[in-house]
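**Q** What follows is the file my_file34.txt, containing compact mmCIF, C-alpha atoms and all ligand atoms:
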# COMPACT_ATOMS: atom_id res chain seq x y z
CA MET A 11 0.00 0.00 0.00
CA LEU A 12 1.06 3.54 -0.71
CA ASN A 13 0.07 5.69 2.27
CA ILE A 14 1.04 9.31 1.77
CA VAL A 15 0.57 12.15 4.23
CA LEU A 16 0.22 15.35 2.20
CA PHE A 17 1.28 18.15 4.50
CA GLY A 18 1.28 21.92 4.47
CA PRO A 19 -0.38 25.03 5.87
CA PRO A 20 -3.96 26.02 5.04
CA GLY A 21 -4.09 27.12 1.42
CA ALA A 22 -0.98 25.16 0.41
CA GLY A 23 -2.86 23.23 -2.28
CA LYS A 24 -3.29 19.88 -0.55
CA GLY A 25 -6.84 19.39 -1.81
CA THR A 26 -5.94 20.28 -5.41
CA GLN A 27 -2.95 17.95 -5.50
CA SER A 28 -4.80 15.15 -3.67
CA ALA A 29 -7.43 15.09 -6.42
CA LYS A 30 -4.71 14.51 -9.02
CA LEU A 31 -2.84 11.96 -6.92
CA ILE A 32 -5.84 9.75 -6.20
CA GLU A 33 -6.50 9.57 -9.91
CA LYS A 34 -2.93 8.77 -10.95
CA TYR A 35 -2.22 6.19 -8.24
CA SER A 36 -5.81 4.90 -7.67
CA LEU A 37 -5.70 5.92 -4.02
CA THR A 38 -8.37 6.59 -1.44
CA HIS A 39 -8.61 10.22 -0.29
CA ILE A 40 -9.08 10.96 3.40
CA SER A 41 -9.47 14.71 3.95
CA THR A 42 -10.53 15.40 7.53
CA GLY A 43 -11.64 18.94 6.58
CA ASP A 44 -13.88 17.52 3.80
CA LEU A 45 -15.26 14.86 6.17
CA PHE A 46 -16.15 17.49 8.77
CA ARG A 47 -17.77 19.69 6.12
CA LYS A 48 -19.83 16.69 4.95
CA HIS A 49 -21.00 16.04 8.51
CA LEU A 50 -21.82 19.72 8.84
CA SER A 51 -23.90 19.77 5.66
CA GLU A 52 -25.72 16.61 6.74
CA GLY A 53 -26.39 18.13 10.17
CA THR A 54 -24.93 15.22 12.14
CA GLU A 55 -23.97 15.47 15.81
CA LEU A 56 -20.30 15.25 14.84
CA GLY A 57 -20.80 18.12 12.38
CA GLN A 58 -22.38 20.28 15.10
CA LEU A 59 -19.50 19.54 17.43
CA ALA A 60 -16.83 20.30 14.82
CA LYS A 61 -18.50 23.52 13.67
CA LYS A 62 -17.57 25.64 16.66
CA TYR A 63 -13.90 24.80 16.24
CA MET A 64 -13.86 25.12 12.45
CA ASP A 65 -15.63 28.49 12.48
CA GLU A 66 -12.83 29.98 14.55
CA GLY A 67 -10.04 28.21 12.71
CA ASN A 68 -9.15 26.08 15.73
CA LEU A 69 -8.47 22.36 15.73
CA VAL A 70 -11.21 19.86 16.48
CA PRO A 71 -10.15 17.76 19.54
CA ASP A 72 -7.76 14.94 18.67
CA GLN A 73 -9.90 12.02 19.81
CA VAL A 74 -12.86 13.19 17.71
CA VAL A 75 -10.68 13.38 14.60
CA ILE A 76 -8.90 10.09 15.30
CA ASP A 77 -12.19 8.19 15.77
CA MET A 78 -13.53 9.61 12.51
CA VAL A 79 -10.38 8.58 10.59
CA ASP A 80 -10.41 5.14 12.23
CA ASP A 81 -13.99 4.60 11.03
CA LYS A 82 -13.10 5.80 7.55
CA ILE A 83 -10.11 3.43 7.29
CA LYS A 84 -12.22 0.51 8.55
CA ASP A 85 -14.86 1.28 5.92
CA SER A 86 -12.37 1.49 3.08
CA GLY A 87 -12.07 -2.24 2.31
CA ASP A 88 -9.57 -3.51 -0.23
CA ILE A 89 -7.60 -0.47 -1.43
CA LYS A 90 -4.25 0.44 -2.96
CA GLY A 91 -3.41 3.11 -0.46
CA ILE A 92 -4.50 6.36 1.11
CA ILE A 93 -3.72 10.05 0.68
CA PHE A 94 -4.14 11.76 4.04
CA ASP A 95 -4.98 15.43 3.51
CA GLY A 96 -5.22 17.72 6.55
CA PHE A 97 -4.44 14.82 8.89
CA PRO A 98 -2.46 14.26 11.09
CA ARG A 99 -2.41 17.85 12.35
CA THR A 100 -0.94 17.20 15.81
CA VAL A 101 1.74 14.83 17.05
CA ALA A 102 -0.94 12.93 19.02
CA GLN A 103 -2.84 12.38 15.75
CA ALA A 104 0.36 11.20 14.04
CA GLU A 105 0.99 8.69 16.82
CA ALA A 106 -2.59 7.45 16.60
CA LEU A 107 -2.29 7.07 12.82
CA ASP A 108 0.88 5.00 13.25
CA MET A 109 -0.98 2.73 15.67
CA LEU A 110 -3.89 2.33 13.25
CA LEU A 111 -1.78 1.64 10.17
CA ASN A 112 0.98 -0.40 11.81
CA GLY A 113 -1.76 -2.57 13.29
CA LYS A 114 -2.89 -3.33 9.74
CA GLY A 115 0.70 -3.94 8.59
CA THR A 116 0.44 -0.99 6.17
CA PRO A 117 2.52 1.85 7.65
CA VAL A 118 2.78 5.43 6.41
CA THR A 119 5.03 5.43 3.33
CA GLY A 120 6.03 9.05 3.78
CA MET A 121 5.05 12.66 4.30
CA ILE A 122 5.30 15.20 1.49
CA ALA A 123 5.18 18.83 2.61
CA LEU A 124 4.15 21.69 0.34
CA GLU A 125 6.11 24.86 1.14
CA VAL A 126 4.25 28.12 0.49
CA ASN A 127 5.02 31.57 1.93
CA GLU A 128 2.51 33.26 4.20
CA GLU A 129 1.53 36.13 1.88
CA GLU A 130 0.69 33.68 -0.89
CA LEU A 131 -1.32 31.52 1.53
CA LYS A 132 -3.47 34.43 2.71
CA ASN A 133 -4.09 35.59 -0.87
CA ARG A 134 -5.07 32.10 -2.01
CA ILE A 135 -7.44 31.48 0.92
CA LEU A 136 -9.21 34.85 0.63
CA GLU A 137 -9.52 34.30 -3.12
CA ARG A 138 -10.99 30.82 -2.52
CA GLY A 139 -13.35 32.36 0.06
CA LYS A 140 -15.07 34.34 -2.71
CA THR A 141 -16.50 31.09 -4.10
CA SER A 142 -15.95 28.29 -1.55
CA GLY A 143 -18.77 29.34 0.77
CA ARG A 144 -16.44 28.48 3.67
CA ALA A 145 -16.82 30.98 6.53
CA ASP A 146 -13.24 30.22 7.63
CA ASP A 147 -11.94 31.38 4.22
CA GLN A 148 -13.60 34.79 4.29
CA ASP A 149 -12.31 36.50 7.40
CA ILE A 150 -8.64 37.52 7.57
CA ASN A 151 -8.61 37.10 11.38
CA LYS A 152 -9.74 33.50 11.06
CA VAL A 153 -7.25 32.85 8.29
CA GLU A 154 -4.44 34.29 10.43
CA ASN A 155 -5.55 32.16 13.37
CA ARG A 156 -5.41 29.02 11.20
CA ILE A 157 -1.86 29.87 10.15
CA LYS A 158 -0.92 30.47 13.80
CA VAL A 159 -2.47 27.14 14.86
CA TYR A 160 -0.59 25.47 12.01
CA LYS A 161 2.73 26.86 13.23
CA ASN A 162 2.14 26.01 16.89
CA GLU A 163 0.38 22.66 16.73
CA THR A 164 0.89 21.20 13.27
CA LEU A 165 4.49 22.00 12.30
CA PRO A 166 5.84 19.57 14.95
CA VAL A 167 4.22 16.77 12.93
CA ALA A 168 6.88 17.35 10.23
CA GLU A 169 9.58 16.73 12.86
CA TYR A 170 7.79 13.53 13.84
CA TYR A 171 8.12 12.13 10.29
CA LYS A 172 11.66 13.49 9.91
CA GLY A 173 12.51 11.41 12.98
CA GLN A 174 11.26 8.34 11.11
CA ASP A 175 13.16 9.32 7.96
CA LYS A 176 9.89 9.64 6.08
CA PHE A 177 9.87 13.33 5.21
CA ALA A 178 10.22 15.19 1.91
CA SER A 179 9.38 18.78 1.13
CA ILE A 180 8.76 20.51 -2.16
CA ASN A 181 8.09 24.05 -3.37
CA GLY A 182 4.30 24.56 -3.41
CA VAL A 183 4.45 27.74 -5.52
CA GLY A 184 4.26 27.27 -9.28
CA THR A 185 1.82 25.76 -11.74
CA ILE A 186 -0.47 22.96 -10.53
CA ASP A 187 1.14 20.57 -13.00
CA SER A 188 4.74 21.41 -12.09
CA ILE A 189 3.98 20.94 -8.39
CA PHE A 190 2.24 17.68 -9.20
CA ASP A 191 5.33 16.46 -11.07
CA SER A 192 7.52 17.27 -8.06
CA ILE A 193 5.19 15.33 -5.76
CA CYS A 194 5.17 12.33 -8.10
CA SER A 195 8.94 12.20 -8.25
CA GLU A 196 9.08 12.26 -4.43
CA ILE A 197 6.53 9.44 -4.32
CA ASN A 198 8.62 7.40 -6.72
CA GLN A 199 11.64 7.83 -4.47
CA LEU A 200 9.70 6.99 -1.29
CA ASN A 201 8.35 3.89 -2.94
CA ASN A 202 11.78 2.52 -3.87
P1 LIG B 1 -7.43 24.17 5.60
O1 LIG B 1 -6.30 23.20 5.37
O2 LIG B 1 -7.71 25.04 4.42
O3 LIG B 1 -7.32 24.94 6.89
P2 LIG B 1 -9.27 21.94 6.10
O4 LIG B 1 -10.38 21.75 5.17
O5 LIG B 1 -8.17 20.94 6.11
O6 LIG B 1 -8.76 23.39 5.79
O7 LIG B 1 -9.81 22.05 7.61
C1 LIG B 1 -10.83 22.95 7.96
C2 LIG B 1 -11.01 22.93 9.49
O8 LIG B 1 -11.43 21.60 9.90
C3 LIG B 1 -9.76 23.20 10.33
O9 LIG B 1 -9.52 24.59 10.51
C4 LIG B 1 -10.11 22.49 11.64
O10 LIG B 1 -11.02 23.24 12.42
C5 LIG B 1 -10.86 21.25 11.17
N1 LIG B 1 -9.94 20.11 10.96
C6 LIG B 1 -9.65 19.50 9.76
N2 LIG B 1 -8.77 18.51 9.93
C7 LIG B 1 -8.46 18.49 11.25
C8 LIG B 1 -7.58 17.70 12.06
N3 LIG B 1 -6.83 16.72 11.52
N4 LIG B 1 -7.52 17.96 13.40
C9 LIG B 1 -8.26 18.92 13.95
N5 LIG B 1 -9.11 19.70 13.25
C10 LIG B 1 -9.20 19.50 11.92
Any chance you could give the structure as structure tokens?
**A**
Amino acid sequence: MLNIVLFGPPGAGKGTQSAKLIEKYSLTHISTGDLFRKHLSEGTELGQLAKKYMDEGNLVPDQVVIDMVDDKIKDSGDIKGIIFDGFPRTVAQAEALDMLLNGKGTPVTGMIALEVNEEELKNRILERGKTSGRADDQDINKVENRIKVYKNETLPVAEYYKGQDKFASINGVGTIDSIFDSICSEINQLNN
């Protein structure tokens, strides 16, 4: 199995690149942000719970996220691998993911981080906010809080995978296709 953690700050392009990767490698996409938004639109209890965190740009509590991912992996059946997008976002989530996947004998293959400077991130998110309908994309204070949360709580996850020798980073500024090519060449190296 090819299990890739696609990593990067909000607005780095994880969703865009995930869509291309799942097609090329026939992978399953697990985006925790998308899953929460689906729960929200379906009005589930989990969606209600997540909403108050998402609206402010804060993280949903680890155990809630971990249980949701666990369910999703259990439901996924016979697959070629998974792209994790927006997860793990804390070291506790990364440890839980290792437990889940190692238990199945299909560990994380590697993390690929998309590097994008802060000005570009803010511009991209506010631009997306004009059409995404996402409240957290439309308010600069919320966007700045998400970037702050990323630096404080999520960046240590990169160190976690560096410690396992499973980390690669690429420049996330450029055309969608050129970034995609860089990701694919990293995947080819991780897979060898
Ligand atoms: P972005 O990467 O653009 O910030 P996402 O769609 O990945 O957006 O996530 C939107 C929101 O969903 C986050 O700000 C957070 O509140 C919640 N969320 C998504 N994934 C996680 C996670 N792994 N842990 C905690 N909260 C999460």
**Q** Check which residues fall inside 8 Å of ligand LIG 1 (chain B) when counting all atoms listed in the file, and print them as a ChimeraX atom specification.
**A** /A:18-22,24,41-44,46-47,60-61,63-72,75-76,95-100,103,135,146-147,156
**Q** Could you give me, as a PDB file with C-alpha atoms, in the frame of the given file, the residues that have an atom at most 12 Å away from the point (-15.9, 11.2, 5.3) in the coordinates of the file, using all atoms listed in the file?
**A**
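The result, stored in part_3.pdb:
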ATOM      1  CA  THR A  38      -8.370   6.590  -1.440  1.00  0.00           C
ATOM      2  CA  HIS A  39      -8.610  10.220  -0.290  1.00  0.00           C
ATOM      3  CA  ILE A  40      -9.080  10.960   3.400  1.00  0.00           C
ATOM      4  CA  SER A  41      -9.470  14.710   3.950  1.00  0.00           C
ATOM      5  CA  THR A  42     -10.530  15.400   7.530  1.00  0.00           C
ATOM      6  CA  GLY A  43     -11.640  18.940   6.580  1.00  0.00           C
ATOM      7  CA  ASP A  44     -13.880  17.520   3.800  1.00  0.00           C
ATOM      8  CA  LEU A  45     -15.260  14.860   6.170  1.00  0.00           C
ATOM      9  CA  PHE A  46     -16.150  17.490   8.770  1.00  0.00           C
ATOM     10  CA  ARG A  47     -17.770  19.690   6.120  1.00  0.00           C
ATOM     11  CA  LYS A  48     -19.830  16.690   4.950  1.00  0.00           C
ATOM     12  CA  HIS A  49     -21.000  16.040   8.510  1.00  0.00           C
ATOM     13  CA  LEU A  50     -21.820  19.720   8.840  1.00  0.00           C
ATOM     14  CA  SER A  51     -23.900  19.770   5.660  1.00  0.00           C
ATOM     15  CA  GLU A  52     -25.720  16.610   6.740  1.00  0.00           C
ATOM     16  CA  LEU A  56     -20.300  15.250  14.840  1.00  0.00           C
ATOM     17  CA  GLY A  57     -20.800  18.120  12.380  1.00  0.00           C
ATOM     18  CA  VAL A  75     -10.680  13.380  14.600  1.00  0.00           C
ATOM     19  CA  ASP A  77     -12.190   8.190  15.770  1.00  0.00           C
ATOM     20  CA  MET A  78     -13.530   9.610  12.510  1.00  0.00           C
ATOM     21  CA  VAL A  79     -10.380   8.580  10.590  1.00  0.00           C
ATOM     22  CA  ASP A  80     -10.410   5.140  12.230  1.00  0.00           C
ATOM     23  CA  ASP A  81     -13.990   4.600  11.030  1.00  0.00           C
ATOM     24  CA  LYS A  82     -13.100   5.800   7.550  1.00  0.00           C
ATOM     25  CA  ILE A  83     -10.110   3.430   7.290  1.00  0.00           C
ATOM     26  CA  LYS A  84     -12.220   0.510   8.550  1.00  0.00           C
ATOM     27  CA  ASP A  85     -14.860   1.280   5.920  1.00  0.00           C
ATOM     28  CA  SER A  86     -12.370   1.490   3.080  1.00  0.00           C
ATOM     29  CA  PHE A  94      -4.140  11.760   4.040  1.00  0.00           C
ATOM     30  CA  ASP A  95      -4.980  15.430   3.510  1.00  0.00           C
TER      31      ASP A  95
END
**Q** Please determine, counting all atoms listed in the file, which residue among A:Leu200, A:Ala145, A:Ile150, A:Met121 has the shortest atom-to-atom distance to Tyr170 of chain A.
**A** A:Met121
**Q** Using all atoms listed in the file, which of the listed residues (A:Lys132, A:Lys161, A:Leu16, A:Ile186) sits closest to Gln148 of chain A?
**A**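 Residue with the minimum atom-to-atom distance to Gln148 of chain A: A:Lys132.
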**Q** Considering only C-alpha atoms, can you say which of A:Glu55, A:Asp175, A:Glu130, A:Glu105 comes closest to Gly23 of chain A?
**A**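 Closest to Gly23 of chain A, using only C-alpha atoms: A:Glu130.
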**Q** Just how far from atom CA of Met11 of chain A is atom CA of Tyr171 of chain A, in Å to one decimal?
**A**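 Separating atom CA of Tyr171 of chain A from atom CA of Met11 of chain A is a distance of 17.9 Å.
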**Q** Between A:Glu125, A:Asp88, A:Glu154, A:Glu33, which is the closest to Ile180 of chain A once you count only C-alpha atoms?
**A**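 Of A:Glu125, A:Asp88, A:Glu154, A:Glu33, the one nearest Ile180 of chain A is A:Glu125, counting only C-alpha atoms.
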**Q** What does the distance from atom CA of Ile189 of chain A to atom CA of Thr26 of chain A come to in Å, to one decimal?
**A**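 For atom CA of Ile189 of chain A relative to atom CA of Thr26 of chain A, the distance reads 10.4 Å.
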**Q** To one decimal place, how far is atom CA of Val167 of chain A from atom CA of Gly91 of chain A in Å?
**A**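 If I compute the distance from atom CA of Val167 of chain A to atom CA of Gly91 of chain A, I get 20.6 Å.
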